[in-house]
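Q: Below you will find the structure I want to go over with you.
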Amino acid sequence: MTAPRSSARKPTIGLTGGIASGKSTVARFLERCGAAVVDADRVAREVVAVGSDGLAEVARVFGPEVLASDGSLNREALAGVVFTDDAARARLQAILHPRIGRRSAQLIEELRASDATYVVYEAILLVEVGAHENLDGLIVVAAGPEAQIARAAARDRVAPELVARRMAAQLPLERKLEVADDVISNDGSLAELEQRTRQVDAEIMARFGLGKRSDEA
């Protein structure tokens, strides 16, 4: 068994993009390459799980109408509030972001002690909150707005107009591209996306002196 790399040497790379840009698919491809992934969306669900202090705070601030009958978070009801009200969205972010940040940092440190070649932190708001500045690199997944709206509407079973409003509430893609170290375009086929992701993985391995993958030797 290969000994785990030193946590001091192992980089953490941010992975971001817009709604339905393909971040999660890229993350899966990077995992197949040998990276470890911390998914901020999964962490976000964890910090508002039933019984958590995060869920209790959300209910206190936004009222019991954002809870489902079983006591869990009614995400559609909450989205209907925060995506049409900037102040409400800021209040929600003030509740969630510190909790997500603390838990994500814990998971990243745990994975740095694993035998993964590097750690990927996947989060849609990395640039918005400035978290990318504390990471060793940033990958931005880019897709055309028409593709984003179609994918998100089909995935979430919501009206395209709601997706468009959510997109409008996000930082423009151009701002994220300005601070990206690597850009992965997702306007082609799945095979093309995987090929480009593998290219970026090889570039990261070379950039940080992590050697080569066995299939590249």
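Residues in the structure tokens are numbered from 1 in each chain, the chains being A, B, ... in the order shown, and ligands are numbered from 1 in the order shown.
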Which segment 149-214 of chain A residues have any atom within 12 Å of an atom of segment 65-82 of chain A, and for each, what is the nearest pair of atoms with distance in Å to one decimal, counting only C-alpha atoms, rows sorted by chain and number, as CSV?

A:
residue,atom,partner,partner_atom,distance
A:Asp156,CA,A:Glu76,CA,10.0
A:Arg157,CA,A:Glu76,CA,10.9
A:Val158,CA,A:Glu76,CA,9.7
A:Leu162,CA,A:Gly80,CA,9.1
A:Val163,CA,A:Ala79,CA,10.9
A:Arg165,CA,A:Gly80,CA,10.6
A:Arg166,CA,A:Ala79,CA,9.1
A:Ala169,CA,A:Val82,CA,9.9

Q: Can I get the selection written as a short mmCIF file (atom, residue, chain, number, x, y, z; two decimals), in the first residue's frame, with C-alpha atoms?

A:
data_model
loop_
_atom_site.label_atom_id
_atom_site.label_comp_id
_atom_site.auth_asym_id
_atom_site.auth_seq_id
_atom_site.Cartn_x
_atom_site.Cartn_y
_atom_site.Cartn_z
CA ASP A 156 -35.02 20.06 -10.39
CA ARG A 157 -38.41 19.82 -12.14
CA VAL A 158 -38.95 23.57 -11.96
CA LEU A 162 -37.23 30.10 -11.80
CA VAL A 163 -33.85 28.79 -12.93
CA ARG A 165 -33.95 34.02 -11.59
CA ARG A 166 -31.56 31.84 -9.61
CA ALA A 169 -28.81 36.06 -8.36
#

Q: Pick out each residue of segment 22-206 of chain A that DSSP on the backbone tags as alpha helix (DSSP H); I need them as an MDAnalysis selection string.

A: chainID A and resid 23:33 40:47 53:62 75:82 86:112 145:156 160:168 173:178 190:206

Q: Atom CA of Val183 of chain A to atom CA of Ile124 of chain A: how many Å, to one decimal?

A: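 Interatomic distance here is 14.6 Å.
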
Q: Mind giving me the straight-line distance from atom CA of Ala40 of chain A to atom CA of Glu122 of chain A in Å, one decimal?

A: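 Separating atom CA of Ala40 of chain A from atom CA of Glu122 of chain A is a distance of 5.9 Å.
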
Q: Among segment 20-204 of chain A, which residues carry a DSSP assignment of strand (DSSP E), reported as a PyMOL selection string?

A: chain A and resi 36-39+119-122+137-142+182-185

Q: Show which residues sit within 10 Å of Gly137 of chain A, as a PyMOL selection string. Count only C-alpha atoms, and ignore same-chain residues fewer than 3 positions away.

A: chain A and resi 11-15+120+132-134+179-182+204

Q: Would you mind exporting the chosen residues as an mmCIF file, in the first residue's frame, restricted to C-alpha atoms?

A:
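For reference, out38.cif as written:
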data_model
loop_
_atom_site.group_PDB
_atom_site.id
_atom_site.type_symbol
_atom_site.label_atom_id
_atom_site.label_comp_id
_atom_site.auth_asym_id
_atom_site.auth_seq_id
_atom_site.Cartn_x
_atom_site.Cartn_y
_atom_site.Cartn_z
ATOM 1 C CA PRO A 11 -2.977 20.829 -2.438
ATOM 2 C CA THR A 12 -6.658 21.667 -2.155
ATOM 3 C CA ILE A 13 -8.233 22.774 -5.427
ATOM 4 C CA GLY A 14 -11.538 24.631 -5.643
ATOM 5 C CA LEU A 15 -14.166 23.534 -8.155
ATOM 6 C CA VAL A 120 -11.085 19.044 -4.486
ATOM 7 C CA HIS A 132 -11.045 30.466 -3.389
ATOM 8 C CA GLU A 133 -8.361 32.820 -2.091
ATOM 9 C CA ASN A 134 -7.450 30.312 0.641
ATOM 10 C CA VAL A 179 -9.803 34.177 -11.113
ATOM 11 C CA ALA A 180 -9.735 30.628 -12.518
ATOM 12 C CA ASP A 181 -6.511 28.652 -12.814
ATOM 13 C CA ASP A 182 -8.192 26.085 -15.062
ATOM 14 C CA ILE A 204 -2.589 19.927 -11.628
#

Q: Pick out the closest residue to Leu190 of chain A from this set: A:Ile19, A:Leu111, A:Ala154, A:Val26. Count only C-alpha atoms.

A: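 Smallest distance to Leu190 of chain A is found for A:Val26.
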